[in-house]
Amino acid sequence: YVLVNPTTQPIVAPFNGAPRLVTLAGTRLGVIDDSKRNADVLLEELVELLRTRYEISDVKWHRKPSASRPADPAAIKELAETCDSVIIDIGD
């Protein structure tokens, strides 16, 4: 008899992520609201905290039409080109 092990080793794609910002002071923040209930409330509170505590200079908002749909590629491109960091929120 031959015993076969049906399991495999996971294939993990390399991921380094974006470089960390040295400081948030004076940076431009992008915000993607997923349109779920209370997402906007959470994001508004967070943005106010970041403006006050970390001196964020500018905020650009994008609201998805629904949580189940992806963000508009043009909006993502604009945020990537004009912002130093982006926060994506999931409400509920």
# chains A, B, ... in the order shown; residues from 1 in each chain; ligands from 1

call {"tool": "select_by_dssp", "arguments": {"residues": "chain A", "states": "helix (DSSP H, G or I)", "output": "CSV table (one decimal) with N, CA, C and O atoms, in the first residue's frame"}}
result
chain,number,residue,atom,x,y,z
A,39,ALA,N,-20.4,54.2,8.9
A,39,ALA,CA,-19.1,54.3,8.4
A,39,ALA,C,-18.7,55.8,8.3
A,39,ALA,O,-17.6,56.2,8.7
A,40,ASP,N,-19.6,56.6,7.9
A,40,ASP,CA,-19.4,58.1,7.8
A,40,ASP,C,-19.1,58.7,9.1
A,40,ASP,O,-18.3,59.5,9.3
A,41,VAL,N,-19.9,58.2,10.1
A,41,VAL,CA,-19.7,58.8,11.5
A,41,VAL,C,-18.3,58.5,12.0
A,41,VAL,O,-17.6,59.3,12.5
A,42,LEU,N,-17.9,57.2,11.9
A,42,LEU,CA,-16.6,56.8,12.3
A,42,LEU,C,-15.5,57.6,11.6
A,42,LEU,O,-14.6,58.1,12.2
A,43,LEU,N,-15.6,57.7,10.3
A,43,LEU,CA,-14.6,58.4,9.5
A,43,LEU,C,-14.5,59.8,9.9
A,43,LEU,O,-13.4,60.4,9.9
A,44,GLU,N,-15.7,60.5,10.0
A,44,GLU,CA,-15.7,61.9,10.4
A,44,GLU,C,-15.0,62.1,11.7
A,44,GLU,O,-14.2,63.1,11.9
A,45,GLU,N,-15.2,61.3,12.7
A,45,GLU,CA,-14.6,61.4,14.0
A,45,GLU,C,-13.1,61.1,13.9
A,45,GLU,O,-12.3,61.9,14.5
A,46,LEU,N,-12.7,60.1,13.1
A,46,LEU,CA,-11.3,59.8,12.9
A,46,LEU,C,-10.5,60.9,12.2
A,46,LEU,O,-9.4,61.3,12.6
A,47,VAL,N,-11.2,61.5,11.2
A,47,VAL,CA,-10.5,62.6,10.4
A,47,VAL,C,-10.4,63.8,11.3
A,47,VAL,O,-9.3,64.4,11.3
A,48,GLU,N,-11.4,64.1,12.1
A,48,GLU,CA,-11.2,65.2,13.1
A,48,GLU,C,-10.1,65.0,14.1
A,48,GLU,O,-9.3,65.9,14.3
A,49,LEU,N,-10.0,63.8,14.6
A,49,LEU,CA,-8.9,63.5,15.5
A,49,LEU,C,-7.5,63.6,14.8
A,49,LEU,O,-6.6,64.2,15.3
A,50,LEU,N,-7.4,63.1,13.6
A,50,LEU,CA,-6.2,63.2,12.8
A,50,LEU,C,-5.8,64.7,12.5
A,50,LEU,O,-4.7,65.1,12.6
A,51,ARG,N,-6.8,65.5,12.2
A,51,ARG,CA,-6.6,66.9,11.9
A,51,ARG,C,-6.1,67.6,13.1
A,51,ARG,O,-5.1,68.4,13.1
A,52,THR,N,-6.7,67.3,14.3
A,52,THR,CA,-6.4,68.0,15.5
A,52,THR,C,-5.1,67.5,16.1
A,52,THR,O,-4.2,68.3,16.4
A,53,ARG,N,-4.9,66.2,16.2
A,53,ARG,CA,-3.8,65.7,16.9
A,53,ARG,C,-2.5,65.6,16.0
A,53,ARG,O,-1.4,65.7,16.5
A,54,TYR,N,-2.7,65.3,14.7
A,54,TYR,CA,-1.6,65.1,13.8
A,54,TYR,C,-1.4,66.1,12.7
A,54,TYR,O,-0.6,65.9,11.8
A,73,PRO,N,-12.3,52.9,-9.9
A,73,PRO,CA,-10.9,52.9,-10.2
A,73,PRO,C,-10.3,54.3,-10.4
A,73,PRO,O,-9.2,54.6,-10.0
A,74,ALA,N,-11.1,55.2,-11.0
A,74,ALA,CA,-10.6,56.5,-11.2
A,74,ALA,C,-10.4,57.3,-9.9
A,74,ALA,O,-9.5,58.0,-9.7
A,75,ALA,N,-11.3,57.0,-8.9
A,75,ALA,CA,-11.2,57.6,-7.6
A,75,ALA,C,-10.0,57.1,-6.9
A,75,ALA,O,-9.3,57.8,-6.2
A,76,ILE,N,-9.8,55.8,-7.0
A,76,ILE,CA,-8.6,55.2,-6.4
A,76,ILE,C,-7.3,55.8,-7.0
A,76,ILE,O,-6.4,56.1,-6.3
A,77,LYS,N,-7.3,55.9,-8.3
A,77,LYS,CA,-6.1,56.5,-9.0
A,77,LYS,C,-5.9,58.0,-8.5
A,77,LYS,O,-4.8,58.4,-8.2
A,78,GLU,N,-7.0,58.7,-8.4
A,78,GLU,CA,-6.9,60.1,-7.9
A,78,GLU,C,-6.3,60.2,-6.5
A,78,GLU,O,-5.4,61.0,-6.2
A,79,LEU,N,-6.9,59.3,-5.6
A,79,LEU,CA,-6.4,59.3,-4.2
A,79,LEU,C,-4.9,58.9,-4.2
A,79,LEU,O,-4.1,59.5,-3.4
A,80,ALA,N,-4.5,57.9,-5.0
A,80,ALA,CA,-3.1,57.5,-5.0
A,80,ALA,C,-2.2,58.6,-5.5
A,80,ALA,O,-1.1,58.7,-5.0
A,81,GLU,N,-2.7,59.4,-6.4
A,81,GLU,CA,-1.8,60.5,-6.9
A,81,GLU,C,-1.8,61.7,-6.1
A,81,GLU,O,-0.8,62.5,-6.1
A,82,THR,N,-2.9,62.0,-5.3
A,82,THR,CA,-2.9,63.2,-4.6
A,82,THR,C,-2.9,63.1,-3.1
A,82,THR,O,-2.9,64.2,-2.4

call {"tool": "closest_atom_pairs", "arguments": {"of": "segment 49-74 of chain A", "to": "segment 25-32 of chain A", "cutoff": "7 Å", "atoms": "only C-alpha atoms", "output": "CSV"}}
result
residue,atom,partner,partner_atom,distance
A:Tyr54,CA,A:Ala25,CA,5.3
A:Glu55,CA,A:Ala25,CA,4.8
A:Ile56,CA,A:Gly26,CA,5.1
A:Ser57,CA,A:Gly26,CA,4.7
A:Asp58,CA,A:Arg28,CA,4.7
A:Val59,CA,A:Leu29,CA,4.8
A:Lys60,CA,A:Gly30,CA,4.8
A:Trp61,CA,A:Val31,CA,4.8
A:His62,CA,A:Ile32,CA,4.9
A:Arg63,CA,A:Ile32,CA,5.7

call {"tool": "select_by_dssp", "arguments": {"residues": "chain A", "states": "strand (DSSP E)", "output": "list of chain:residue names"}}
result
A:Arg28, A:Leu29, A:Gly30, A:Val31, A:Ile32, A:Asp33, A:Asp58, A:Val59, A:Lys60, A:Trp61, A:His62, A:Arg63, A:Ser85, A:Val86, A:Ile87, A:Ile88, A:Asp89

call {"tool": "closest_residue", "arguments": {"among": "A:Val2, A:Ser68, A:Cys83, A:Thr8", "to": "Lys36 of chain A", "atoms": "only C-alpha atoms"}}
result
A:Ser68

call {"tool": "atom_distance", "arguments": {"atom1": "atom CA of Ala67 of chain A", "atom2": "atom CA of Ala13 of chain A"}}
result
26.4 Å

call {"tool": "atom_distance", "arguments": {"atom1": "atom CA of Arg37 of chain A", "atom2": "atom CA of Ser85 of chain A"}}
result
23.5 Å
